[in-house]
file final-v5.cif (mmCIF, C-alpha atoms and all ligand atoms)
data_protein
#
loop_
_atom_site.label_atom_id
_atom_site.label_comp_id
_atom_site.auth_asym_id
_atom_site.auth_seq_id
_atom_site.Cartn_x
_atom_site.Cartn_y
_atom_site.Cartn_z
CA MET A 1052 111.32 78.95 137.63
CA SER A 1053 110.52 80.31 141.02
CA GLY A 1054 108.21 80.03 143.95
CA ASP A 1055 108.03 77.75 146.97
CA GLY A 1056 105.56 75.22 145.62
CA ASP A 1057 107.11 75.04 142.14
CA VAL A 1058 108.58 71.95 140.54
CA SER A 1059 110.38 71.45 137.23
CA VAL A 1060 109.51 68.13 135.65
CA ILE A 1061 112.19 66.53 133.47
CA VAL A 1062 111.11 63.64 131.26
CA GLY A 1063 114.20 61.67 130.27
CA ALA A 1064 116.14 62.78 133.33
CA SER A 1065 118.20 59.61 133.72
CA SER A 1066 121.01 60.67 131.36
CA GLY A 1067 122.38 63.20 128.91
CA VAL A 1068 120.81 66.62 128.55
CA GLY A 1069 117.90 65.74 130.89
CA ARG A 1070 120.29 64.82 133.70
CA SER A 1071 122.31 68.01 133.16
CA LEU A 1072 119.14 70.11 133.28
CA ALA A 1073 118.25 68.44 136.59
CA LEU A 1074 121.69 69.19 138.05
CA ALA A 1075 121.66 72.80 136.83
CA LEU A 1076 118.28 73.36 138.51
CA ALA A 1077 119.48 71.55 141.64
CA ARG A 1078 122.39 73.99 141.93
CA GLU A 1079 119.77 76.74 142.17
CA GLY A 1080 118.13 74.85 145.03
CA ARG A 1081 115.08 73.89 143.01
CA ARG A 1082 112.64 71.01 143.24
CA VAL A 1083 112.87 68.60 140.28
CA GLY A 1084 110.61 65.73 139.22
CA LEU A 1085 112.84 63.12 137.55
CA VAL A 1086 110.90 61.00 135.07
CA GLY A 1087 112.02 57.99 133.03
CA ARG A 1088 111.84 54.23 132.88
CA SER A 1089 114.77 53.12 135.02
CA GLU A 1090 114.42 53.46 138.78
CA GLU A 1091 118.09 52.67 139.24
CA ARG A 1092 119.34 55.37 136.84
CA LEU A 1093 116.87 57.97 138.13
CA SER A 1094 117.76 57.23 141.76
CA ARG A 1095 121.40 57.85 140.91
CA VAL A 1096 120.49 61.26 139.44
CA ALA A 1097 118.25 61.93 142.48
CA ARG A 1098 121.24 61.44 144.78
CA GLU A 1099 123.24 63.92 142.68
CA VAL A 1100 120.37 66.43 142.77
CA THR A 1101 120.30 66.23 146.58
CA MET A 1102 124.09 66.62 146.72
CA PHE A 1103 123.86 69.78 144.58
CA GLY A 1104 121.22 71.33 146.85
CA GLY A 1105 118.00 70.45 144.99
CA GLU A 1106 114.95 68.44 146.05
CA PRO A 1107 114.31 65.42 143.80
CA LEU A 1108 111.24 63.27 143.26
CA VAL A 1109 111.53 60.14 141.11
CA ALA A 1110 108.50 59.12 139.02
CA LEU A 1111 108.63 56.11 136.71
CA SER A 1112 106.95 56.45 133.34
CA ASP A 1113 107.29 55.34 129.73
CA VAL A 1114 106.38 58.07 127.24
CA ARG A 1115 104.60 55.47 125.09
CA ASP A 1116 102.20 54.65 127.93
CA PRO A 1117 99.68 57.45 128.68
CA ALA A 1118 98.50 55.77 131.91
CA SER A 1119 102.04 55.81 133.29
CA ILE A 1120 102.31 59.52 132.39
CA ARG A 1121 99.10 60.34 134.26
CA ALA A 1122 100.37 58.35 137.26
CA ALA A 1123 103.73 60.18 137.23
CA LEU A 1124 102.02 63.57 137.08
CA ALA A 1125 99.62 62.60 139.87
CA GLN A 1126 102.58 61.54 142.03
CA ILE A 1127 104.00 65.05 141.58
CA THR A 1128 100.84 67.13 141.84
CA LEU A 1129 99.36 65.22 144.79
CA ARG A 1130 102.10 66.84 146.84
CA GLY A 1131 100.46 70.16 146.04
CA TRP A 1132 103.34 71.15 143.77
CA HIS A 1133 102.82 73.54 140.87
CA VAL A 1134 104.42 72.32 137.61
CA GLU A 1135 106.28 75.46 136.64
CA THR A 1136 108.23 73.98 133.69
CA ALA A 1137 108.16 70.57 132.02
CA PHE A 1138 111.19 69.60 129.94
CA LEU A 1139 110.43 66.82 127.44
CA SER A 1140 113.94 65.44 126.92
CA SER A 1141 113.20 61.78 126.21
CA GLY A 1142 114.25 60.48 122.82
CA ILE A 1143 115.92 57.69 120.92
CA THR A 1144 117.84 57.39 117.68
CA GLU A 1145 118.68 54.40 115.56
CA GLY A 1146 120.15 54.35 112.11
CA THR A 1147 117.83 54.00 109.13
CA ASP A 1148 118.56 50.80 107.19
CA LEU A 1149 119.14 52.11 103.67
CA GLN A 1150 119.23 48.67 102.02
CA ASN A 1151 116.05 47.25 103.55
CA PHE A 1152 113.86 50.11 104.64
CA SER A 1153 111.67 49.14 107.57
CA ALA A 1154 108.39 50.83 108.39
CA ALA A 1155 108.51 49.13 111.81
CA ALA A 1156 111.86 50.80 112.59
CA LEU A 1157 110.41 54.19 111.67
CA ASP A 1158 107.33 53.46 113.76
CA ALA A 1159 109.50 52.63 116.79
CA ILE A 1160 111.20 56.03 116.61
CA LEU A 1161 107.93 57.87 116.01
CA GLN A 1162 106.27 56.15 119.00
CA THR A 1163 108.93 57.51 121.36
CA ASN A 1164 110.02 60.77 119.75
CA VAL A 1165 106.66 62.00 118.44
CA VAL A 1166 103.74 60.13 120.03
CA GLY A 1167 105.64 60.08 123.34
CA VAL A 1168 105.89 63.89 123.25
CA ALA A 1169 102.23 64.12 122.22
CA ASN A 1170 101.22 61.89 125.15
CA TRP A 1171 102.95 64.29 127.54
CA LEU A 1172 101.40 67.35 125.85
CA GLU A 1173 97.96 65.77 126.19
CA ALA A 1174 98.50 65.15 129.91
CA LEU A 1175 100.08 68.54 130.61
CA GLN A 1176 97.62 70.81 128.77
CA PRO A 1177 94.65 70.58 131.21
CA LEU A 1178 96.97 70.67 134.21
CA LEU A 1179 98.93 73.77 133.15
CA ARG A 1180 95.80 75.54 131.87
CA ALA A 1181 94.13 75.09 135.26
CA GLN A 1182 97.10 76.28 137.29
CA PRO A 1183 97.24 79.92 138.37
CA GLY A 1184 99.86 81.50 136.10
CA GLY A 1185 99.84 78.58 133.64
CA GLY A 1186 103.17 76.92 132.94
CA THR A 1187 105.93 76.24 130.44
CA VAL A 1188 106.69 73.17 128.31
CA ALA A 1189 110.13 72.93 126.68
CA VAL A 1190 110.19 70.28 123.96
CA LEU A 1191 113.64 69.02 122.98
CA SER A 1192 113.74 68.61 119.22
CA SER A 1193 116.93 68.85 117.13
CA LEU A 1194 118.54 70.96 114.43
CA SER A 1195 118.05 67.87 112.26
CA ALA A 1196 114.39 68.92 112.13
CA ARG A 1197 115.46 71.82 109.90
CA ARG A 1198 116.56 69.75 106.89
CA ALA A 1199 117.03 66.01 106.41
CA VAL A 1200 120.18 65.08 104.54
CA PRO A 1201 120.38 61.86 102.52
CA GLY A 1202 121.56 58.95 104.64
CA GLY A 1203 121.14 56.98 107.83
CA SER A 1204 119.52 59.71 109.90
CA ALA A 1205 116.34 59.79 107.78
CA ASN A 1206 114.02 58.29 110.43
CA TYR A 1207 115.41 60.45 113.23
CA SER A 1208 115.15 63.66 111.18
CA ALA A 1209 111.57 62.78 110.23
CA SER A 1210 110.66 62.34 113.90
CA LYS A 1211 112.25 65.63 114.95
CA ALA A 1212 110.68 67.53 112.03
CA ALA A 1213 107.28 66.25 113.20
CA VAL A 1214 107.94 67.42 116.77
CA SER A 1215 109.10 70.89 115.70
CA GLN A 1216 106.14 71.32 113.34
CA LEU A 1217 103.74 70.18 116.06
CA CYS A 1218 105.12 72.81 118.45
CA ASP A 1219 104.97 75.53 115.77
CA GLY A 1220 101.29 74.74 115.22
CA LEU A 1221 100.35 74.65 118.91
CA ARG A 1222 102.48 77.51 120.29
CA ALA A 1223 100.18 80.48 119.67
CA PRO A 1224 96.87 78.76 120.54
CA TRP A 1225 98.37 77.38 123.75
CA ALA A 1226 99.76 80.80 124.66
CA ARG A 1227 96.15 82.01 124.76
CA GLN A 1228 95.51 79.32 127.38
CA GLY A 1229 98.42 80.50 129.52
CA ILE A 1230 100.80 77.76 128.38
CA ARG A 1231 104.21 78.70 127.01
CA LEU A 1232 105.39 76.07 124.53
CA VAL A 1233 109.08 76.31 123.64
CA THR A 1234 110.87 74.33 120.95
CA VAL A 1235 114.54 73.53 121.52
CA GLU A 1236 116.58 72.65 118.42
CA PHE A 1237 120.26 71.94 118.92
CA GLY A 1238 123.32 70.22 117.47
CA PHE A 1239 125.49 67.39 118.72
CA VAL A 1240 125.89 66.87 122.47
CA ARG A 1241 128.15 64.33 124.19
CA THR A 1242 125.57 61.98 125.74
CA PRO A 1243 124.83 58.22 125.66
CA MET A 1244 122.81 58.94 122.49
CA THR A 1245 125.90 60.04 120.55
CA ALA A 1246 128.40 57.77 122.33
CA ARG A 1247 128.85 55.43 119.37
CA MET A 1248 128.70 58.04 116.63
CA GLU A 1249 131.76 59.32 114.82
CA ARG A 1250 132.59 62.78 113.51
CA LEU A 1251 130.40 65.06 115.54
CA PRO A 1252 131.21 68.65 114.53
CA LEU A 1253 130.71 71.42 117.09
CA LEU A 1254 130.10 68.80 119.77
CA MET A 1255 128.88 70.31 123.03
CA GLU A 1256 129.01 69.06 126.60
CA PRO A 1257 125.59 68.33 128.12
CA GLU A 1258 126.17 70.94 130.86
CA ASP A 1259 126.60 73.62 128.17
CA ALA A 1260 123.47 72.44 126.36
CA ALA A 1261 121.47 72.59 129.61
CA GLY A 1262 122.84 76.11 130.26
CA ALA A 1263 121.84 77.27 126.78
CA ILE A 1264 118.31 75.87 127.23
CA LEU A 1265 117.79 77.55 130.62
CA ASP A 1266 119.24 80.79 129.28
CA GLY A 1267 116.91 80.74 126.25
CA LEU A 1268 113.91 80.06 128.49
CA ARG A 1269 114.78 82.98 130.75
CA ARG A 1270 115.14 85.25 127.74
CA GLY A 1271 111.61 84.31 126.68
CA GLN A 1272 112.61 82.77 123.33
CA PRO A 1273 109.80 80.78 121.64
CA VAL A 1274 112.36 78.67 119.74
CA ILE A 1275 115.83 78.07 121.17
CA ARG A 1276 118.54 77.06 118.67
CA PHE A 1277 122.21 76.39 119.37
CA PRO A 1278 125.10 76.33 118.87
CA ARG A 1279 124.87 79.40 116.69
CA LEU A 1280 127.18 78.21 113.92
CA ALA A 1281 125.31 74.91 113.60
CA ALA A 1282 121.97 76.74 113.52
CA LEU A 1283 123.25 79.07 110.78
CA THR A 1284 124.54 76.09 108.79
CA MET A 1285 121.16 74.42 108.99
CA ASN A 1286 119.45 77.65 107.92
CA ALA A 1287 121.70 77.72 104.86
CA LEU A 1288 120.98 74.05 104.13
CA ARG A 1289 117.25 74.73 104.16
CA LEU A 1290 117.78 77.06 101.23
CA LEU A 1291 119.82 74.53 99.25
CA PRO A 1292 117.95 72.91 96.35
CA ALA A 1293 117.24 69.21 97.08
CA GLY A 1294 119.15 68.10 93.99
CA TRP A 1295 122.37 69.63 95.34
CA LEU A 1296 122.27 67.57 98.51
CA ASP A 1297 121.47 64.45 96.49
CA ARG A 1298 124.47 65.09 94.24
CA LEU A 1299 126.69 65.56 97.31
CA TYR A 1300 125.51 62.19 98.60
CA ARG A 1301 126.09 60.44 95.27
CA GLY A 1302 129.58 61.91 95.16
CA SER A 1303 130.40 60.95 98.75
CA ASP A 1304 133.15 58.43 99.47
CA PRO A 1305 131.62 54.92 99.59
CA GLY A 1306 134.48 54.02 101.94
CA VAL A 1307 132.67 55.85 104.73
CA GLU A 1308 129.44 53.93 104.12
CA THR A 1309 128.09 52.36 107.32
CA PRO A 1310 125.41 49.65 107.45
CA HIS A 1311 122.99 52.55 107.82
CA GLY A 1312 124.48 54.85 105.21
CA PRO A 1313 127.34 57.29 105.13
CA GLY A 1314 128.47 59.06 108.23
CA ASN A 1315 126.90 62.44 108.51
CA GLU A 1316 129.02 65.48 109.09
CA LEU A 1317 126.32 68.07 109.38
CA PRO A 1318 125.61 69.47 112.82
CA GLY A 1319 122.57 68.01 114.53
CA TYR A 1320 122.43 64.83 112.49
CA SER A 1321 123.15 61.35 113.73
CA SER A 1322 125.45 59.14 111.69
CA GLY A 1323 123.09 56.24 112.12
CA ALA A 1324 124.83 54.60 115.05
CA GLU A 1325 122.52 52.76 117.36
CA SER A 1326 121.80 54.45 120.66
CA PRO A 1327 122.03 52.61 123.96
CA SER A 1328 118.96 54.54 125.07
CA GLY A 1329 117.20 53.35 121.94
CA ALA A 1330 117.47 49.73 122.99
CA GLU A 1331 114.28 48.23 124.30
CA GLU A 1332 114.47 47.14 127.91
N1 LIG B 1 122.70 64.19 122.01
C1 LIG B 1 122.52 64.92 120.91
O1 LIG B 1 123.48 65.14 120.12
C2 LIG B 1 121.19 65.52 120.60
C3 LIG B 1 121.12 66.52 119.61
C4 LIG B 1 119.89 67.11 119.32
C5 LIG B 1 118.76 66.72 120.02
N2 LIG B 1 118.85 65.73 120.97
C6 LIG B 1 117.60 65.36 121.67
O2 LIG B 1 117.74 65.72 123.04
C7 LIG B 1 116.97 64.82 123.87
C8 LIG B 1 117.89 64.25 124.94
O3 LIG B 1 118.87 63.45 124.29
P1 LIG B 1 120.20 62.94 125.01
O4 LIG B 1 121.29 63.10 124.05
O5 LIG B 1 120.28 63.52 126.36
O6 LIG B 1 119.88 61.38 125.07
P2 LIG B 1 120.10 60.27 126.19
O7 LIG B 1 121.24 60.59 127.08
O8 LIG B 1 120.08 58.97 125.46
O9 LIG B 1 118.77 60.41 127.07
C9 LIG B 1 117.54 60.05 126.56
C10 LIG B 1 116.56 60.00 127.70
O10 LIG B 1 115.30 59.58 127.15
C11 LIG B 1 114.73 58.64 128.02
N3 LIG B 1 113.82 57.77 127.30
C12 LIG B 1 114.05 57.08 126.15
N4 LIG B 1 112.96 56.38 125.81
C13 LIG B 1 112.03 56.63 126.76
C14 LIG B 1 110.70 56.18 126.98
N5 LIG B 1 110.09 55.32 126.13
N6 LIG B 1 110.03 56.65 128.06
C15 LIG B 1 110.62 57.51 128.93
N7 LIG B 1 111.87 57.96 128.78
C16 LIG B 1 112.57 57.51 127.72
C17 LIG B 1 115.92 57.88 128.60
O11 LIG B 1 115.52 57.34 129.83
P3 LIG B 1 115.51 55.77 130.21
O12 LIG B 1 116.06 55.02 129.03
O13 LIG B 1 116.36 55.69 131.44
O14 LIG B 1 114.06 55.51 130.47
C18 LIG B 1 116.93 58.99 128.78
O15 LIG B 1 116.77 59.60 130.04
C19 LIG B 1 116.39 63.77 122.91
O16 LIG B 1 115.09 64.14 122.55
C20 LIG B 1 117.31 63.86 121.69
O17 LIG B 1 116.67 63.42 120.52
C21 LIG B 1 120.03 65.14 121.29
#
call {"tool": "encode", "arguments": {"input": "final-v5.cif", "output": "C-alpha cells", "more": "lines below"}}
Ligand SMILES: NC(=O)c1ccc[n+]([C@@H]2O[C@H](COP(=O)([O-])OP(=O)(O)OC[C@H]3O[C@@H](n4cnc5c(N)ncnc54)[C@H](OP(=O)(O)O)[C@@H]3O)[C@@H](O)[C@H]2O)c1
result
Amino acid sequence: MSGDGDVSVIVGASSGVGRSLALALAREGRRVGLVGRSEERLSRVAREVTMFGGEPLVALSDVRDPASIRAALAQITLRGWHVETAFLSSGITEGTDLQNFSAAALDAILQTNVVGVANWLEALQPLLRAQPGGGTVAVLSSLSARRAVPGGSANYSASKAAVSQLCDGLRAPWARQGIRLVTVEFGFVRTPMTARMERLPLLMEPEDAAGAILDGLRRGQPVIRFPRLAALTMNALRLLPAGWLDRLYRGSDPGVETPHGPGNELPGYSSGAESPSGAEE
C-alpha cells in the first residue's frame, strides 16, 4: 500500500468493516475507491475519508452485476490509478428458515456472497496481472467457513465456506501471475450486519477488525484469522465428530429457538437475525 498512483479499492465501503478499512487507509493519507450500491451512504464515507486526510472516489456498483463492476473499475483506472489492493467486503446474511427450507433464500445469499466475489475476481484478474508489480485482493470470508453448526446460520456458513475454498484453490496459481490473493476469516464484529443479533461472543469493534486485516496483509499472511481465541475454537470444532454437534443441538434449550433456529453462541456464526444490509433495495 504505497506509491503515488496507487489506490485501494473497497467493495462494500458504505458501512461496517469496509468503512473502517477506508478510514484506516485515509488516516495514512491514502487514495481509496469506495464501491457499493448507495450513493448517499458512500458519499457520507467519502466525506469522512477526506476529513481523515485520504482521497476518496465513489463508484456505484452491485456485485451481482458484472457490467456495473467493469464500469466501477474503469472509473478508477481511467484516472491512471494503479489498483494496489482490492478489499472485497460486501456481504449479506439472513437466517435460514429451518421449518420451510428455501432454495431461493440460499440462492440470494450465494449470488451476493459467492457469485458477487467471483464477479469481482473475474474483473480484477486481467487488470492486476497486467499491472507492473501485480496487486493484492483481500477477500472477506468468515470463521463460519471453518465449520457449520446446526441451526439458522446454515446458508451463510455455506456461502462463506464456498468463498474460502475458492480462494484456497486460486491462491497459488494466481501468485504465479503476480496476484496476491488473501482470505480473511474472522469472528463477530459490531456492524449493521450483526446489529439485530444476540449473544455475540468475543465481539470486536470494526476499527479493530480493520486494523487486524491491514496488519495481516503487511505481515504477508495468505490467510488472516482473528480474533485468536475464536480462530482456535473453530479449529477445535473442525475436529469434532459431526454427531457430537448434532447431539448438542438436539439437547439445546428450545426456549432459545428463533424463527430461524436456535441462537448461535459460537464465534463467527450469525444467530439467523436478518441483516439490514441483506434487504433488497
Ligand atoms: N460483522 C460480522 O460479524 C462479520 C463476521 C465475519 C465476516 N463478516 C463479513 O465481513 C464483510 C463485511 O461485513 P460487515 O459486517 O461490515 O457488513 P455490513 O456493515 O452490513 O456491510 C456490508 C457491505 O456490503 C455491501 N453490499 C451488500 N450487498 C451488496 C451488493 N449486492 N453489491 C455491492 N455491495 C453490497 C453493503 O453496501 P450497500 O448495501 O450500501 O450497497 C455494505 O457496504 C461481509 O462479507 C461479511 O459477511 C462479517
call {"tool": "residues_around", "arguments": {"input": "final-v5.cif", "residues": "range 1134-1141 of chain A", "least_positions_apart": "3", "cutoff": "10 Å", "atoms": "all atoms listed in the file", "output": "PyMOL selection string"}}
result
chain A and resi 1052-1054+1056-1070+1072-1073+1083-1084+1086-1087+1113-1114+1124+1127-1128+1131+1163-1164+1167-1168+1171-1172+1175+1178-1179+1182+1184-1192+1230-1235+1264+1268+1328
call {"tool": "closest_atom_pairs", "arguments": {"input": "final-v5.cif", "of": "range 1123-1220 of chain A", "to": "range 1292-1298 of chain A", "cutoff": "12 Å", "atoms": "only C-alpha atoms", "output": "CSV"}}
result
residue,atom,partner,partner_atom,distance
A:Arg1198,CA,A:Ala1293,CA,9.8
A:Ala1199,CA,A:Leu1296,CA,9.6
A:Val1200,CA,A:Leu1296,CA,6.9
A:Pro1201,CA,A:Asp1297,CA,6.7
A:Gly1202,CA,A:Asp1297,CA,9.8
call {"tool": "residues_around", "arguments": {"input": "final-v5.cif", "residues": "Glu1099 in chain A", "least_positions_apart": "6", "cutoff": "9 Å", "atoms": "only C-alpha atoms", "output": "PDB file with C-alpha atoms, keeping the file's coordinate frame"}}
result
ATOM      1  CA  LEU A1074     121.690  69.190 138.050  1.00  0.00           C
ATOM      2  CA  ALA A1077     119.480  71.550 141.640  1.00  0.00           C
ATOM      3  CA  GLY A1105     118.000  70.450 144.990  1.00  0.00           C
TER       4      GLY A1105
END
call {"tool": "closest_residue", "arguments": {"input": "final-v5.cif", "among": "A:Ala1159, A:Ser1071, A:Asp1055, A:Ser1210", "to": "Ala1261 in chain A", "atoms": "only C-alpha atoms"}}
result
A:Ser1071
call {"tool": "residues_around", "arguments": {"input": "final-v5.cif", "residues": "Ser1094 in chain A", "least_positions_apart": "6", "cutoff": "10 Å", "atoms": "only C-alpha atoms", "output": "ChimeraX atom specification"}}
result
/A:1065,1085,1100,1107-1110
call {"tool": "atom_distance", "arguments": {"input": "final-v5.cif", "atom1": "CA of Pro1273 in chain A", "atom2": "CA of Ser1204 in chain A"}}
result
26.0 Å
call {"tool": "atom_distance", "arguments": {"input": "final-v5.cif", "atom1": "atom C7 of ligand LIG 1 (chain B)", "atom2": "CA of Gly1104 in chain A"}}
result
24.3 Å
call {"tool": "atom_distance", "arguments": {"input": "final-v5.cif", "atom1": "CA of Ala1196 in chain A", "atom2": "CA of Ile1275 in chain A"}}
result
12.9 Å
call {"tool": "residues_around", "arguments": {"input": "final-v5.cif", "residues": "range 1277-1284 of chain A", "least_positions_apart": "3", "cutoff": "7 Å", "atoms": "only C-alpha atoms", "output": "list in words"}}
result
Leu1194, Glu1236, Phe1237, Gly1238, Ala1287, Leu1288 and Pro1318 of chain A
call {"tool": "closest_residue", "arguments": {"input": "final-v5.cif", "among": "A:Glu1256, A:Asp1116, A:Glu1249, A:Asp1266", "to": "Ala1169 in chain A", "atoms": "all atoms listed in the file"}}
result
A:Asp1116
call {"tool": "axis_aligned_box", "arguments": {"input": "final-v5.cif", "around": "range 1189-1195 of chain A", "padding_each_side": "4 Å", "output": "AutoDock Vina command-line options"}}
result
--center_x 114.3 --center_y 70.4 --center_z 119.5 --size_x 16.4 --size_y 13.1 --size_z 22.4
call {"tool": "closest_residue", "arguments": {"input": "final-v5.cif", "among": "A:Arg1121, A:Arg1088, A:Arg1197, A:Arg1276", "to": "ligand LIG 1 (chain B)", "atoms": "only C-alpha atoms and all ligand atoms"}}
result
A:Arg1088
call {"tool": "decode", "arguments": {"input": "final-v5.cif", "residues": "range 1168-1202 of chain A", "atoms": "C-alpha atoms", "output": "mmCIF file, in the first residue's frame"}}
result
data_model
loop_
_atom_site.group_PDB
_atom_site.id
_atom_site.type_symbol
_atom_site.label_atom_id
_atom_site.label_comp_id
_atom_site.auth_asym_id
_atom_site.auth_seq_id
_atom_site.Cartn_x
_atom_site.Cartn_y
_atom_site.Cartn_z
ATOM 1 C CA VAL A 1168 -16.998 -12.162 -5.107
ATOM 2 C CA ALA A 1169 -16.402 -14.251 -8.235
ATOM 3 C CA ASN A 1170 -17.620 -11.378 -10.443
ATOM 4 C CA TRP A 1171 -15.034 -9.096 -8.842
ATOM 5 C CA LEU A 1172 -12.275 -11.717 -9.150
ATOM 6 C CA GLU A 1173 -13.092 -12.111 -12.845
ATOM 7 C CA ALA A 1174 -12.844 -8.356 -13.400
ATOM 8 C CA LEU A 1175 -9.715 -7.887 -11.285
ATOM 9 C CA GLN A 1176 -7.581 -10.765 -12.605
ATOM 10 C CA PRO A 1177 -6.676 -9.317 -16.051
ATOM 11 C CA LEU A 1178 -6.242 -5.846 -14.595
ATOM 12 C CA LEU A 1179 -3.897 -6.857 -11.763
ATOM 13 C CA ARG A 1180 -1.985 -9.315 -13.962
ATOM 14 C CA ALA A 1181 -1.274 -6.553 -16.482
ATOM 15 C CA GLN A 1182 -0.155 -4.000 -13.906
ATOM 16 C CA PRO A 1183 3.560 -3.646 -13.182
ATOM 17 C CA GLY A 1184 4.042 -5.306 -9.784
ATOM 18 C CA GLY A 1185 0.646 -7.054 -9.882
ATOM 19 C CA GLY A 1186 -1.692 -6.406 -6.981
ATOM 20 C CA THR A 1187 -3.448 -7.798 -3.931
ATOM 21 C CA VAL A 1188 -7.032 -8.976 -3.413
ATOM 22 C CA ALA A 1189 -8.270 -9.438 0.163
ATOM 23 C CA VAL A 1190 -11.490 -11.460 0.268
ATOM 24 C CA LEU A 1191 -13.532 -11.111 3.446
ATOM 25 C CA SER A 1192 -14.879 -14.528 4.380
ATOM 26 C CA SER A 1193 -15.737 -15.584 7.947
ATOM 27 C CA LEU A 1194 -14.684 -18.037 10.635
ATOM 28 C CA SER A 1195 -18.081 -19.626 9.981
ATOM 29 C CA ALA A 1196 -16.475 -21.028 6.824
ATOM 30 C CA ARG A 1197 -14.462 -23.355 9.058
ATOM 31 C CA ARG A 1198 -17.380 -25.449 10.354
ATOM 32 C CA ALA A 1199 -21.143 -25.043 10.028
ATOM 33 C CA VAL A 1200 -23.045 -25.679 13.232
ATOM 34 C CA PRO A 1201 -26.649 -26.892 13.150
ATOM 35 C CA GLY A 1202 -29.099 -24.005 13.046
#
